[in-house]
Structure formats: structure tokens, C-alpha cells
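Heads up: the structure comes next, in C-alpha cells.
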Amino acid sequence: MSDQWNEPEGINPRGTVVVAAGRGETPEVYARFGRRLAADAYRVRVLPDVTTDLTASFAAAEKLLLSDIGPHVVIGSDTGALFALALAARGTPGLDGLVLAGLPASRRAPAFGIDLGGHEASPQAWAEADIEARTACPNHQRVLSGAGSLSSAPVPAELAGETEAIGVPVLGLHGSADLISPLAQARGRYPAGPVAALTVIEGGRHDILNDVTHRTVAALVVQFLERLRLGTDLPAIAVAA
């Protein structure tokens, strides 16, 4: 399975997107998302589960952000989003913007609301609850069946820092039906400011980049990328008359 996708042949690239896979994720999780952004002429590079080796992941991201064509945007979901925030907080050279999806509201591994009935849940029950809480998209559910589970993976302490001092434009995306990181608890985790915005996807679950509304979400990401190409103040492209 590829971990990178390029712009169509004969088309000039419009920027570079680095996708930071989070806990339990593989590059395959972002194949559909990567192909879609590449079709719009953005080069996409996926870092495998960044929590496995944070030092190596930071080094790999820093190298990518200084290569290829800009603007350079890091996109992450769950702990991948926290990794993206950490890159910004470190003042990583070459970083022009962030897309943050499903920011964890807690460092604890999620419980998924399983009713144990006084008994320990089986590994299969945890896996099924994990997938159900992450997405309602049947295609993405099949992909997740071969990936790791969030239920055994707390958020690394190194990625649980503050989010206020972010000096690049930010697009936040969060599902209103996220049971892993409930919106009411996670809302305050997203950066605020003149070039930071949080968009709530109605009915969306935790893996909002790959949920049933993945087409709408991808369109929002492309719109953000296109605005960033015009300037860090994100000039409007489409305005209601």
C-alpha cells in the first residue's frame, strides 16, 4: 500500500500535505483521502503511526516540510492532530498550516461506552466498539478492521501540551456525534484566533476525515488549502451574495 500520492501527470503541484497517522493507524487508513487530495494536485505524504517513535516522526515531518512545493500543511486526526499541534508549537520551519480532526479531549484510552455488565469485555467486543465509535462508513470500517485499536492506546504525555500559541492558520474538524472525544469537551482544545476556525460536522464520528461525510470534509480541506495558497490571512474565495 502506498504512503504517498502525487498530482496528476502534466499538472503542476499546488502544495504538499503531510498526513500524520495517529495511534493504531496505518497509511492505508488514508488511501482514499490521499488520492482525493492528489486528484486536486496536492502532493500527499503519510507518516505511519507517529506515536510509535515520536523523535523519528518529528524528524521525518521536518524533512518533508522543507522539501517539495509549498504551501506545506500537516493534517492529523486524533493523536495525529496533537502531533501536528506539537510541530507548530516547536516552530517547525516550512510549516504553513494545520488541519486538525478529532482532537482527543482526554489522555485516557477511550471506553466507547461498553456496558461490561460486571464482566471484562472480550478483545472482539473492544475491536467492534472501537470501529463503531470511529466511523459509520462501511468502507472505512473494513479498513479499520485491519488496523490497531484506540482502546489500548492512551495519548502520549509528550503530545498533551497547550494549544494556544499556534502561529499558523488552522482548520479544525470535529464530529458532533464523536463518542471518543465528545465535542463539548474537545472544543476548547482547538486553537482560536483570526486564522483558526472549527467546523462541526453534524452526525460525524471520531474519524471525521474518513466518516460517511468524507466527501464534504475533503472539500472543506481543499477549500482551506486553496485559501492558504492566496495568503496566510486566508482570503475568501467564495462569498455569499
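Letters for chains follow the order of the C-alpha cells (A, B, ...), residue numbers begin at 1 for each chain, and ligand numbers begin at 1 in the order shown.
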
Next on the checklist: Taking the DSSP secondary structure from the backbone, can you list the residues of stretch 43-183 of chain A that are helix (DSSP H, G or I), as a PyMOL selection string?
Outcome noted: chain A and resi 54-65+79-89+123-134+138-144+150-152+157-159+183

Next on the checklist: Using DSSP secondary structure from the backbone, list all strand (DSSP E) positions within stretch 1-240 of chain A, as a ChimeraX atom specification.
Outcome noted: /A:4-5,15-20,42-47,72-77,97-101,170-175,196-201

Next on the checklist: Which residues are close to A:Val73, i.e. within 8 Å by only C-alpha atoms, leaving aside same-chain residues fewer than 6 positions away? Reply as a list in words.
Outcome noted: Thr16, Val17, Val18, Leu95, Asp96, Gly97, Leu98, Val99 and Leu225 of chain A

Could those selected residues go to a file with C-alpha atoms, as a PDB file, in the first residue's frame?
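Generated output (again_20.pdb):
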ATOM      1  CA  THR A  16       2.356  19.499  -0.098  1.00  0.00           C
ATOM      2  CA  VAL A  17       0.180  17.801   2.508  1.00  0.00           C
ATOM      3  CA  VAL A  18       1.779  15.724   5.255  1.00  0.00           C
ATOM      4  CA  LEU A  95       5.034  24.637   8.243  1.00  0.00           C
ATOM      5  CA  ASP A  96       2.344  26.868   6.724  1.00  0.00           C
ATOM      6  CA  GLY A  97      -0.917  25.497   8.133  1.00  0.00           C
ATOM      7  CA  LEU A  98      -2.675  22.767  10.095  1.00  0.00           C
ATOM      8  CA  VAL A  99      -5.818  20.695   9.658  1.00  0.00           C
ATOM      9  CA  LEU A 225      -5.650  24.671   1.078  1.00  0.00           C
TER      10      LEU A 225
END

Next on the checklist: Given only C-alpha atoms as the basis, pick out the residue of A:Pro154, A:His174, A:Ala240, A:Leu87 nearest to A:Asp207.
Outcome noted: A:His174

Item to check | Nearest to A:Ala88, chosen from A:Pro191, A:Pro8, A:Pro71, A:Pro235, with only C-alpha atoms counted in the distances | outcome: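 Of A:Pro191, A:Pro8, A:Pro71, A:Pro235, the one nearest A:Ala88, counting only C-alpha atoms, is A:Pro191.
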
Next on the checklist: Between atom CA of A:Gly24 and atom CA of A:Gln185, what is the distance in Å, rounded to a tenth?
Outcome noted: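 About the pair atom CA of A:Gly24 and atom CA of A:Gln185: they are 22.4 Å apart.
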
Checklist entry - Near A:Pro48, counting only C-alpha atoms, which residues have an atom at most 8 Å away, once you skip same-chain residues fewer than 6 positions from it, shown as a PyMOL selection string? => result chain A and resi 20-22+25-27

Could those residues be written to a file, using C-alpha atoms, as a PDB file, in the first residue's frame?
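Heads up, here's the output in out.pdb:
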ATOM      1  CA  ALA A  20       0.276  12.330  10.420  1.00  0.00           C
ATOM      2  CA  ALA A  21      -1.314   8.962  11.181  1.00  0.00           C
ATOM      3  CA  GLY A  22      -2.303   8.624  14.830  1.00  0.00           C
ATOM      4  CA  GLU A  25      -3.361   3.896  12.207  1.00  0.00           C
ATOM      5  CA  THR A  26      -1.525   2.795   9.083  1.00  0.00           C
ATOM      6  CA  PRO A  27      -1.022   4.694   5.805  1.00  0.00           C
TER       7      PRO A  27
END

Item to check | Minimum-distance residue to A:Val44, chosen among A:Ser67, A:Ser176, A:Asn139, A:Asn6 (using only C-alpha atoms) | outcome: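 Selected residue with least distance to A:Val44: A:Asn6.
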
Checklist entry - Just how far from atom CA of A:Ile166 is atom CA of A:Ala192, in Å to one decimal? => result 8.8 Å

Item to check | Residue nearest A:Leu144 - candidates A:Val170, A:Ala127, A:Val74, A:Ile180, atoms counted: only C-alpha atoms | outcome: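 Of the candidates, the smallest distance to A:Leu144 is held by A:Ala127.
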
Checklist entry - Which of these residues is nearest to A:Val217, using only C-alpha atoms: A:Leu173, A:Val155, A:Leu234, A:Ala105? => result A:Leu173

Checklist entry - Counting only C-alpha atoms, which of A:Val168, A:Cys137, A:Ala39, A:Ala125 gets nearest to A:Leu85? => result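 Of A:Val168, A:Cys137, A:Ala39, A:Ala125, the one nearest A:Leu85, counting only C-alpha atoms, is A:Val168.
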
Checklist entry - Residues at most 10 Å from A:Ser145, counting only C-alpha atoms, excluding those fewer than 5 positions away in the same chain, as JSON, numbers by chain? => result {"A": [127, 128, 130, 131, 140]}
